[in-house]
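Engineer: Sending over target_22.pdb (PDB, C-alpha atoms, pLDDT in the B column).
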ATOM      1  CA  MET A   1      15.724 -54.550-107.912  1.00 80.00           C
ATOM      2  CA  GLU A   2      15.860 -53.788-111.630  1.00 87.00           C
ATOM      3  CA  PHE A   3      12.592 -55.038-113.139  1.00 89.00           C
ATOM      4  CA  SER A   4      13.356 -53.892-116.673  1.00 91.00           C
ATOM      5  CA  LYS A   5      15.689 -56.877-117.062  1.00 92.00           C
ATOM      6  CA  PHE A   6      12.859 -59.367-116.466  1.00 92.00           C
ATOM      7  CA  SER A   7      10.788 -60.797-119.300  1.00 94.00           C
ATOM      8  CA  ASP A   8       7.020 -60.311-119.307  1.00 94.00           C
ATOM      9  CA  LYS A   9       6.589 -63.993-118.388  1.00 95.00           C
ATOM     10  CA  GLN A  10       8.957 -63.647-115.433  1.00 94.00           C
ATOM     11  CA  LEU A  11       7.145 -60.544-114.210  1.00 94.00           C
ATOM     12  CA  ARG A  12       3.743 -62.258-114.465  1.00 93.00           C
ATOM     13  CA  ASP A  13       5.165 -65.249-112.618  1.00 92.00           C
ATOM     14  CA  LEU A  14       6.396 -62.955-109.841  1.00 93.00           C
ATOM     15  CA  LEU A  15       3.011 -61.246-109.761  1.00 92.00           C
ATOM     16  CA  HIS A  16       1.418 -64.601-108.886  1.00 90.00           C
ATOM     17  CA  LYS A  17       4.113 -65.830-106.517  1.00 93.00           C
ATOM     18  CA  ILE A  18       4.464 -62.692-104.371  1.00 94.00           C
ATOM     19  CA  PRO A  19       0.903 -62.647-102.930  1.00 93.00           C
ATOM     20  CA  ALA A  20       1.127 -66.372-102.152  1.00 92.00           C
ATOM     21  CA  GLU A  21       4.448 -65.909-100.381  1.00 95.00           C
ATOM     22  CA  LEU A  22       3.115 -62.943 -98.408  1.00 96.00           C
ATOM     23  CA  LYS A  23       0.091 -64.979 -97.364  1.00 94.00           C
ATOM     24  CA  LYS A  24       2.321 -67.845 -96.169  1.00 95.00           C
ATOM     25  CA  ARG A  25       4.487 -65.448 -94.185  1.00 96.00           C
ATOM     26  CA  GLU A  26       1.441 -63.792 -92.651  1.00 96.00           C
ATOM     27  CA  GLY A  27       0.124 -67.204 -91.625  1.00 95.00           C
ATOM     28  CA  ARG A  28       3.424 -68.073 -89.962  1.00 96.00           C
ATOM     29  CA  GLU A  29       3.496 -64.722 -88.141  1.00 96.00           C
ATOM     30  CA  ARG A  30      -0.096 -65.183 -87.024  1.00 95.00           C
ATOM     31  CA  ALA A  31       0.637 -68.680 -85.692  1.00 96.00           C
ATOM     32  CA  LYS A  32       3.755 -67.404 -83.914  1.00 96.00           C
ATOM     33  CA  ALA A  33       1.822 -64.520 -82.346  1.00 96.00           C
ATOM     34  CA  LEU A  34      -0.922 -66.905 -81.213  1.00 94.00           C
ATOM     35  CA  GLU A  35       1.577 -69.257 -79.576  1.00 94.00           C
ATOM     36  CA  GLU A  36       3.330 -66.343 -77.859  1.00 95.00           C
ATOM     37  CA  THR A  37      -0.013 -65.023 -76.619  1.00 94.00           C
ATOM     38  CA  LYS A  38      -1.019 -68.449 -75.307  1.00 93.00           C
ATOM     39  CA  ALA A  39       2.336 -68.768 -73.515  1.00 95.00           C
ATOM     40  CA  PHE A  40       1.907 -65.305 -71.984  1.00 95.00           C
ATOM     41  CA  ALA A  41      -1.605 -66.138 -70.784  1.00 93.00           C
ATOM     42  CA  LYS A  42      -0.376 -69.442 -69.361  1.00 93.00           C
ATOM     43  CA  SER A  43       2.449 -67.678 -67.520  1.00 96.00           C
ATOM     44  CA  ARG A  44      -0.221 -65.578 -65.799  1.00 94.00           C
ATOM     45  CA  GLY A  45      -2.312 -68.631 -64.906  1.00 94.00           C
ATOM     46  CA  PHE A  46      -4.971 -68.314 -67.592  1.00 92.00           C
ATOM     47  CA  SER A  47      -5.855 -70.000 -70.827  1.00 90.00           C
ATOM     48  CA  LEU A  48      -6.295 -67.791 -73.852  1.00 89.00           C
ATOM     49  CA  GLU A  49      -9.966 -68.809 -74.024  1.00 87.00           C
ATOM     50  CA  GLU A  50     -10.470 -67.590 -70.462  1.00 88.00           C
ATOM     51  CA  LEU A  51      -9.051 -64.194 -71.359  1.00 87.00           C
ATOM     52  CA  VAL A  52     -10.904 -63.579 -74.603  1.00 85.00           C
ATOM     53  CA  GLY A  53     -14.093 -65.385 -73.620  1.00 77.00           C
ATOM     54  CA  GLU A  54     -16.648 -66.996 -75.865  1.00 63.00           C
ATOM     55  CA  ASP A  55     -17.934 -63.614 -77.096  1.00 58.00           C
ATOM     56  CA  ALA A  56     -14.745 -63.035 -79.051  1.00 55.00           C
ATOM     57  CA  LYS A  57     -15.112 -66.349 -80.855  1.00 55.00           C
ATOM     58  CA  SER A  58     -18.777 -65.928 -81.706  1.00 56.00           C
ATOM     59  CA  SER A  59     -18.321 -62.412 -83.046  1.00 56.00           C
ATOM     60  CA  ARG A  60     -15.768 -63.663 -85.579  1.00 59.00           C
ATOM     61  CA  SER A  61     -17.852 -66.501 -86.958  1.00 63.00           C
ATOM     62  CA  ARG A  62     -20.520 -65.451 -89.344  1.00 72.00           C
ATOM     63  CA  GLY A  63     -23.151 -67.658 -90.803  1.00 80.00           C
ATOM     64  CA  VAL A  64     -23.781 -68.083 -94.471  1.00 87.00           C
ATOM     65  CA  VAL A  65     -26.315 -65.606 -95.778  1.00 89.00           C
ATOM     66  CA  PRO A  66     -29.092 -67.382 -97.661  1.00 92.00           C
ATOM     67  CA  VAL A  67     -29.708 -66.536-101.290  1.00 93.00           C
ATOM     68  CA  LYS A  68     -32.801 -64.373-101.833  1.00 95.00           C
ATOM     69  CA  TYR A  69     -32.733 -63.798-105.587  1.00 95.00           C
ATOM     70  CA  ARG A  70     -32.118 -66.097-108.561  1.00 94.00           C
ATOM     71  CA  HIS A  71     -32.142 -65.411-112.294  1.00 92.00           C
ATOM     72  CA  PRO A  72     -35.199 -67.135-113.790  1.00 89.00           C
ATOM     73  CA  LYS A  73     -33.304 -68.432-116.850  1.00 88.00           C
ATOM     74  CA  ASP A  74     -29.839 -69.072-115.389  1.00 88.00           C
ATOM     75  CA  SER A  75     -30.002 -70.655-111.936  1.00 87.00           C
ATOM     76  CA  SER A  76     -26.257 -70.199-111.423  1.00 90.00           C
ATOM     77  CA  LEU A  77     -26.844 -66.444-111.065  1.00 93.00           C
ATOM     78  CA  THR A  78     -27.855 -65.749-107.479  1.00 94.00           C
ATOM     79  CA  TRP A  79     -27.724 -62.861-105.027  1.00 94.00           C
ATOM     80  CA  THR A  80     -28.248 -62.598-101.267  1.00 94.00           C
ATOM     81  CA  GLY A  81     -29.697 -59.119-101.490  1.00 93.00           C
ATOM     82  CA  ARG A  82     -26.756 -57.624 -99.628  1.00 92.00           C
ATOM     83  CA  GLY A  83     -24.287 -55.175-101.082  1.00 91.00           C
ATOM     84  CA  ARG A  84     -24.387 -53.753-104.583  1.00 93.00           C
ATOM     85  CA  LYS A  85     -26.736 -55.282-107.087  1.00 94.00           C
ATOM     86  CA  PRO A  86     -24.914 -57.670-109.396  1.00 95.00           C
ATOM     87  CA  LYS A  87     -24.701 -56.752-113.058  1.00 95.00           C
ATOM     88  CA  TRP A  88     -27.204 -59.445-113.985  1.00 95.00           C
ATOM     89  CA  VAL A  89     -29.788 -57.890-111.611  1.00 95.00           C
ATOM     90  CA  GLU A  90     -29.154 -54.425-113.060  1.00 95.00           C
ATOM     91  CA  ALA A  91     -29.534 -55.819-116.589  1.00 94.00           C
ATOM     92  CA  TRP A  92     -32.754 -57.564-115.587  1.00 93.00           C
ATOM     93  CA  LEU A  93     -34.211 -54.375-114.128  1.00 94.00           C
ATOM     94  CA  ASN A  94     -33.048 -52.251-117.072  1.00 94.00           C
ATOM     95  CA  GLY A  95     -34.712 -54.746-119.413  1.00 93.00           C
ATOM     96  CA  GLY A  96     -38.065 -54.134-117.758  1.00 93.00           C
ATOM     97  CA  GLY A  97     -37.942 -57.016-115.292  1.00 91.00           C
ATOM     98  CA  LYS A  98     -39.120 -56.692-111.710  1.00 92.00           C
ATOM     99  CA  MET A  99     -37.309 -57.676-108.520  1.00 93.00           C
ATOM    100  CA  GLU A 100     -40.355 -59.673-107.435  1.00 92.00           C
ATOM    101  CA  SER A 101     -39.796 -62.105-110.289  1.00 91.00           C
ATOM    102  CA  LEU A 102     -36.277 -62.883-109.001  1.00 93.00           C
ATOM    103  CA  VAL A 103     -37.296 -63.713-105.411  1.00 93.00           C
ATOM    104  CA  ILE A 104     -36.767 -67.351-104.477  1.00 89.00           C
TER     105      ILE A 104
END
Taking this structure as input, can you express it in the form of structure tokens?

Structural biologist:
Amino acid sequence: MEFSKFSDKQLRDLLHKIPAELKKREGRERAKALEETKAFAKSRGFSLEELVGEDAKSSRSRGVVPVKYRHPKDSSLTWTGRGRKPKWVEAWLNGGGKMESLVI
């Protein structure tokens, strides 16, 4: 495909449409694979749930991590305390603030 013939607007439009299309296709493939797997399990006399068990389901679902830190002046800025410190936390600490003052 010769991209040099496309305008900037057309290229940006493609840039947005391609990931969405890939996601749709992946969803269809996933659904197809699930149906095929269920049919295979059924042909062997099992349900898919019997084969994968409840452990497989529970390991996928994760609960929401509660927020532990909130900016004292802007309540929309929050952090769970997991992962890298957000920029607002770094700025707070670099400005002389203490983590204890951000704890909810």

Engineer: Applied to the shown file, which residues does the PyMOL selection byres ((chain A and resi 84-93) around 12) return, written as a PyMOL selection string?

Structural biologist: chain A and resi 69-83+94-103

Engineer: Draw an axis-aligned box over all listed atoms of stretch 68-80 of chain A, pad each side with 5 Å, and write its centre and edge lengths in Å, one decimal, as AutoDock Vina command-line options.

Structural biologist:
--center_x -30.7 --center_y -66.6 --center_z -109.1 --size_x 18.9 --size_y 18.1 --size_z 25.6

Engineer: One decimal, in Å: what's the spacing between atom CA of A:Arg25 and atom CA of A:Leu11?

Structural biologist: 20.8 Å

Engineer: To one decimal place, how far is atom CA of A:Gly27 from atom CA of A:Glu2 in Å?

Structural biologist: 28.8 Å

Engineer: How far is it from atom CA of A:Ser47 to atom CA of A:Arg30, in Å with one decimal?

Structural biologist: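 Going from atom CA of A:Ser47 over to atom CA of A:Arg30, I get 17.9 Å.
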
Engineer: Quick one: residues within 12 Å of A:Leu48, only C-alpha atoms counted, chain neighbours fewer than 4 positions away excluded, as a count of residues only?

Structural biologist: 16
